[in-house]
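Here the structure comes first, spelled out in structure tokens, and everything after it is commentary.
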Amino acid sequence: MIKKLAFTILGFWLIAVLAGRLFQLNPNQIDLNAILSLPDNAYLLGADDLGRSILARLLRGVEVSFLVAIVVTIVTMLLGVVIGLIAGFYGGKVDQALMQVTDIFLAFPGILLAIAFAAVLGPGLANLMIALCITGWVSYARLTRGQTLSLRNRQHVQAAESLGASVPRLIIKHILPLLASILVVEATYSLASVMIAEASLSFLGLGIQAPSASWGAMLRDGVRYMLVAPHYVLVVGLSLMSLILAITLGGDYLRDKLDVRTEKNDGQKHSKYSVIKQKVKGKACH
Amino acid sequence: MVIFGVLLLTFLLIHLVPGDPVEVMLGESASMADREVLRADLGLNQSIVFQFGNYLTKLAHADFGQSIHTKTPIIELLKTRYPATLKLALVALFIGLSIGLPLGIYAALKAGQWQDLVVTLVSVRLSAMPAFWLGPMLMLIFAVWLGWLPVSGMESNTSIVLPALTLGLGLSAILTRMTRTSLLEVLNDDYIRTARAKGITESNVIIRHALRAALLPIITIVGLQMGSLLAGTVITETIFSWDGIGRLLVESIEKRDYPVTQACVLLVALSYVLVNLLTDILYRLADPRVKFAH
């Protein structure tokens with residue numbers, strides 16, 4: 001049921017984007033007669049403050065949003081996993097130093113650090129991605145480091161080591177495969193959180209710049225014209241909700257499928273101690 | 001150590017400005033003399049270690065420098081803006097607690113029944129929704145369609161309701177889940193059965209015996225969430241034109257007033273570290289076991 005809902009919504013958006021490309025909807029076509037017009041035959045979801053089709057902009061926006069989310073997720077994952085592996089595998093001073101750095105990054109709540117970096121780097125798509133990458137690797141590093149620390153002492157790793165396996169071989173053949181499923185689950189959630197972060201920054205005017213379409217910027221414009229054209233903010237809001245819902249539902253499904261640590265349907269089960277652990281992990285959500 | 005790192009990172013922020021920060025701040029048309037004055041003002045003509053030392057010394061005297069645009073000392077700006085954010089965060093916390101705790105208890109008592117399912121489902125999904133979605137939606141419903149509350153600003157007494165709701169509802173969703181889980185866990189303990197066997201009324205069992213133990217993880221969550229709450233104010237204040245530190249941050253970014261940006265980021269981050277510290281202390285006070293363990 002969860003799976004079906006999640007995949008239906010994602011499939012819907014995929015088909016919509018493809019259809020938009022196929023019919024060559026132009027997100028930047030300005031029609032001065034249609035400014036803030038209600039949904040009608042010409043503009044299925046109405047038009048925005050410059051008379052551009054909201055539908056076309058939504059579809060282009062979701063493309064950009066996914067692009068940012070996928071690129072940032074891959075880069076932060078690679079960065080975080082490498083750092084986490086080094087810290088967890090070598091331990092000692094290296095580990096301490098790296099974890100100090102992650103502590104400092106975690107001391108900035110939520111999206112604040114990304115806002116700060118985006119602010120000094122200046123607005124724009126590339127800078128936005130850089131800002132999100134600089135701040136996004138920490139959770140992967142923490143996760144990988146913790147898992148590697150315990151995997152390092154597993155018998156199969158020690159056996160391989162005593163047989164003379166090299167460090168890269170130990171890591172690639174004996175540790176990484178056991179990390180894969182956890183990382184996939186983490187990546188799905190981070191896909192959603194990167195999308196939210198991108199939209200937040202664009203909402204604040206720090207992300208993707210006009211005339212490029214972005215859901216965050218559209219939502220901001222929607223708020224601005226809420227009194228005259230409430231349909232604008234409503235359409236963008238509902239689209240955003242459906243997408244975030246689909247991705248987090250998909251994440252839950254994947255976690256139940258892949259993550260061996262949690263029991264099935266254990267989504268809300270946390271012991272007192274897991275809360276403390278969570279705190280140590282320091283995963284502040286938005 | 002963490003505080004030192006936070007200071008270092010916020011200090012370095014201004015040096016991350018691509019190219020020459022002075023040029024970015026003044027624009028290309030500025031005269032050489034103006035540039036030199038600003039450079040000296042910001043201390044950018046000295047070595048970086050010296051600059052950092054200088055920065056720390058000034059901070060120790062509560063001197064955040066002055067705004068490039070208005071030339072007012074930043075500390076004055078912070079003094080007027082920070083209380084507004086604090087007020088907003090506290091009201092949001094109150095809303096979060098007053099919705100989250102009762103709902104969580106209700107869900108735990110009805111565990112496995114449809115009421116529990118509805119509460120859990122709504123709270124799980126609500127907690128995934130970002131502030132910049134919830135804010136406009138609440139604004140649309142309560143301010144535009146129903147007309148009950150002011151759209152934005154902070155003139156009337158009811159202005160705080162919508163921004164605080166935006167922040168508080170997300171928090172309440174998380175609290176509902178946590179309260180439900182931790183209460184359910186406690187309800188199965190032996191001492192609860194003992195209390196029931198002694199004939200204590202059910203409401204007394206819940207409030208006096210179960211809830212006291214169940215509150216511990218909730219303290220941690222509240223502490224952690226205060227951080228996201230502080231960060232969430234940046235967006236929420238922007239949506240509702242609430243003149244707090246978050247809006248100051250966004251305004252300073254738009255005006256490229258980097259010293260103000262720096263000060264805002266530092267203040268929010270330090271507040272977060274402080275809240276975390278307070279949570280740890282509170283946790284030790286509330287749970288005697290933690291004290292013994294150390």
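Here's how to read the names in the structure tokens: chain A, B, ... by the order shown, residue numbers from 1 in each chain, ligand numbers from 1 in the order shown.
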
Closest atom pairs, residues of chain B within 6 Å of chain A, only C-alpha atoms, as CSV:
residue,atom,partner,partner_atom,distance
B:Val2,CA,A:Ile104,CA,5.4
B:Gly5,CA,A:Ile104,CA,5.5
B:Val6,CA,A:Ile104,CA,5.9
B:Val17,CA,A:Val120,CA,5.0
B:Pro217,CA,A:Lys272,CA,5.6
B:Gly227,CA,A:Pro109,CA,5.2
B:Ser228,CA,A:Gly110,CA,5.5
B:Ala231,CA,A:Leu112,CA,5.8
B:Ile253,CA,A:Ala119,CA,5.8
B:Ala269,CA,A:Phe108,CA,5.0

Atoms to include: C-alpha atoms. Write the selected residues as a compact mmCIF listing (two decimals), in the first residue's frame.
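Resulting contents of result39.txt:
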# COMPACT_ATOMS: atom_id res chain seq x y z
CA VAL B 2 32.92 22.99 19.83
CA GLY B 5 35.16 25.62 16.27
CA VAL B 6 31.90 27.49 15.77
CA VAL B 17 33.48 35.51 -0.08
CA PRO B 217 13.50 10.91 26.38
CA GLY B 227 17.88 23.79 17.55
CA SER B 228 15.76 23.10 14.48
CA ALA B 231 16.93 27.46 12.43
CA ILE B 253 22.33 38.57 3.13
CA ALA B 269 24.66 28.56 16.52

Would you mind listing what lies within 6 Å of Arg52 in chain A as a VMD selection string, with only C-alpha atoms counted and same-chain residues fewer than 2 positions away left out? chain A and resid 29 to 30 47 to 48 50

If DSSP is run on the backbone, what residues of range 53-215 of chain B are helix (DSSP H, G or I)? A reply as a PyMOL selection string would be ideal. chain B and resi 53-60+74-109+114-126+131-145+157-187+190-197+202-215

Could you turn the residues from that selection into a file that holds C-alpha atoms, as a short mmCIF file (atom, residue, chain, number, x, y, z; two decimals), in the first residue's frame?
data_model
loop_
_atom_site.label_atom_id
_atom_site.label_comp_id
_atom_site.auth_asym_id
_atom_site.auth_seq_id
_atom_site.Cartn_x
_atom_site.Cartn_y
_atom_site.Cartn_z
CA GLY B 53 42.54 36.90 17.73
CA ASN B 54 41.15 40.37 17.25
CA TYR B 55 37.72 38.93 16.42
CA LEU B 56 37.71 36.86 19.62
CA THR B 57 38.83 39.78 21.78
CA LYS B 58 36.07 41.96 20.36
CA LEU B 59 33.48 39.22 20.89
CA ALA B 60 34.56 38.89 24.50
CA ILE B 74 25.43 45.14 15.49
CA ILE B 75 24.90 44.49 19.16
CA GLU B 76 22.06 47.06 19.13
CA LEU B 77 20.40 45.25 16.23
CA LEU B 78 20.73 41.94 18.02
CA LYS B 79 19.32 43.40 21.22
CA THR B 80 16.11 44.45 19.51
CA ARG B 81 15.77 41.38 17.24
CA TYR B 82 16.80 38.50 19.46
CA PRO B 83 13.99 38.83 22.03
CA ALA B 84 11.42 38.65 19.21
CA THR B 85 12.89 35.36 18.01
CA LEU B 86 13.10 34.02 21.54
CA LYS B 87 9.46 34.92 22.12
CA LEU B 88 8.44 33.19 18.90
CA ALA B 89 10.48 30.08 19.73
CA LEU B 90 9.07 29.86 23.25
CA VAL B 91 5.45 30.25 22.12
CA ALA B 92 6.12 27.61 19.44
CA LEU B 93 7.60 25.33 22.10
CA PHE B 94 4.53 25.88 24.26
CA ILE B 95 2.23 25.03 21.32
CA GLY B 96 4.31 21.99 20.49
CA LEU B 97 4.19 20.70 24.05
CA SER B 98 0.51 21.45 24.62
CA ILE B 99 -0.52 19.62 21.47
CA GLY B 100 2.17 16.94 21.34
CA LEU B 101 2.05 15.65 24.91
CA PRO B 102 -1.73 15.09 25.23
CA LEU B 103 -1.99 13.62 21.74
CA GLY B 104 0.93 11.29 22.42
CA ILE B 105 -0.60 10.13 25.68
CA TYR B 106 -3.95 9.63 23.97
CA ALA B 107 -2.35 7.60 21.19
CA ALA B 108 -0.45 5.47 23.69
CA LEU B 109 -3.59 4.72 25.67
CA TRP B 114 -7.91 3.36 14.98
CA GLN B 115 -7.46 6.56 17.02
CA ASP B 116 -3.81 5.65 17.51
CA LEU B 117 -3.41 4.91 13.83
CA VAL B 118 -4.85 8.25 12.76
CA VAL B 119 -2.77 10.24 15.25
CA THR B 120 0.43 8.42 14.34
CA LEU B 121 -0.15 8.66 10.61
CA VAL B 122 -0.89 12.38 10.70
CA SER B 123 2.02 13.16 13.02
CA VAL B 124 4.55 11.15 11.03
CA ARG B 125 3.61 12.86 7.80
CA LEU B 126 3.27 16.30 9.34
CA ALA B 131 8.15 25.26 7.49
CA PHE B 132 8.08 27.04 4.16
CA TRP B 133 5.24 24.75 3.12
CA LEU B 134 3.24 24.77 6.35
CA GLY B 135 3.54 28.54 6.81
CA PRO B 136 1.98 29.57 3.51
CA MET B 137 -0.72 26.91 3.85
CA LEU B 138 -1.71 28.13 7.33
CA MET B 139 -1.58 31.69 6.07
CA LEU B 140 -3.83 30.79 3.16
CA ILE B 141 -6.41 29.05 5.33
CA PHE B 142 -6.54 31.19 8.47
CA ALA B 143 -5.58 34.62 7.19
CA VAL B 144 -6.81 34.74 3.61
CA TRP B 145 -9.82 32.41 3.45
CA ASN B 157 -1.31 40.60 19.60
CA THR B 158 -2.59 37.80 17.41
CA SER B 159 0.26 38.21 14.91
CA ILE B 160 2.34 35.65 16.71
CA VAL B 161 -0.25 32.89 16.34
CA LEU B 162 0.45 31.83 12.75
CA PRO B 163 4.27 31.89 12.84
CA ALA B 164 4.25 30.13 16.19
CA LEU B 165 1.80 27.54 14.86
CA THR B 166 4.02 26.97 11.83
CA LEU B 167 6.96 26.17 14.06
CA GLY B 168 4.95 24.51 16.82
CA LEU B 169 2.93 22.07 14.70
CA GLY B 170 6.04 20.41 13.29
CA LEU B 171 7.44 20.13 16.79
CA SER B 172 4.16 18.75 18.16
CA ALA B 173 4.18 16.02 15.52
CA ILE B 174 7.59 14.83 16.65
CA LEU B 175 6.63 15.10 20.31
CA THR B 176 3.45 13.11 19.75
CA ARG B 177 5.44 10.23 18.32
CA MET B 178 8.03 10.35 21.08
CA THR B 179 5.50 10.59 23.89
CA ARG B 180 3.52 7.70 22.48
CA THR B 181 6.56 5.45 22.15
CA SER B 182 8.18 6.20 25.45
CA LEU B 183 4.89 5.97 27.36
CA LEU B 184 4.06 2.64 25.74
CA GLU B 185 7.43 1.32 26.77
CA VAL B 186 6.98 2.39 30.36
CA LEU B 187 3.40 1.10 30.61
CA ASP B 190 6.54 -4.03 36.50
CA TYR B 191 6.13 -1.01 38.72
CA ILE B 192 3.14 0.15 36.69
CA ARG B 193 1.50 -3.23 37.26
CA THR B 194 2.29 -2.84 40.96
CA ALA B 195 0.74 0.59 41.03
CA ARG B 196 -2.39 -0.71 39.33
CA ALA B 197 -2.51 -3.70 41.67
CA GLU B 202 -5.79 4.86 36.18
CA SER B 203 -5.28 8.61 35.73
CA ASN B 204 -2.94 8.66 38.72
CA VAL B 205 -0.99 5.73 37.36
CA ILE B 206 -0.50 7.52 34.08
CA ILE B 207 0.29 10.97 35.43
CA ARG B 208 2.27 10.16 38.57
CA HIS B 209 3.98 6.93 37.70
CA ALA B 210 4.23 6.36 33.98
CA LEU B 211 4.58 9.89 32.67
CA ARG B 212 7.41 10.78 35.04
CA ALA B 213 9.58 8.06 33.64
CA ALA B 214 8.39 8.60 30.09
CA LEU B 215 9.34 12.28 30.18
#

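Remark: for Ser239 in chain A, the closest of the candidate residues A:Leu79, A:Val62, A:Tyr189, A:Leu22 is A:Val62 (distances computed over only C-alpha atoms).
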
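With CA of Ala210 in chain A on one side and CA of Asn28 in chain A on the other, the separation reads 9.8 Å.
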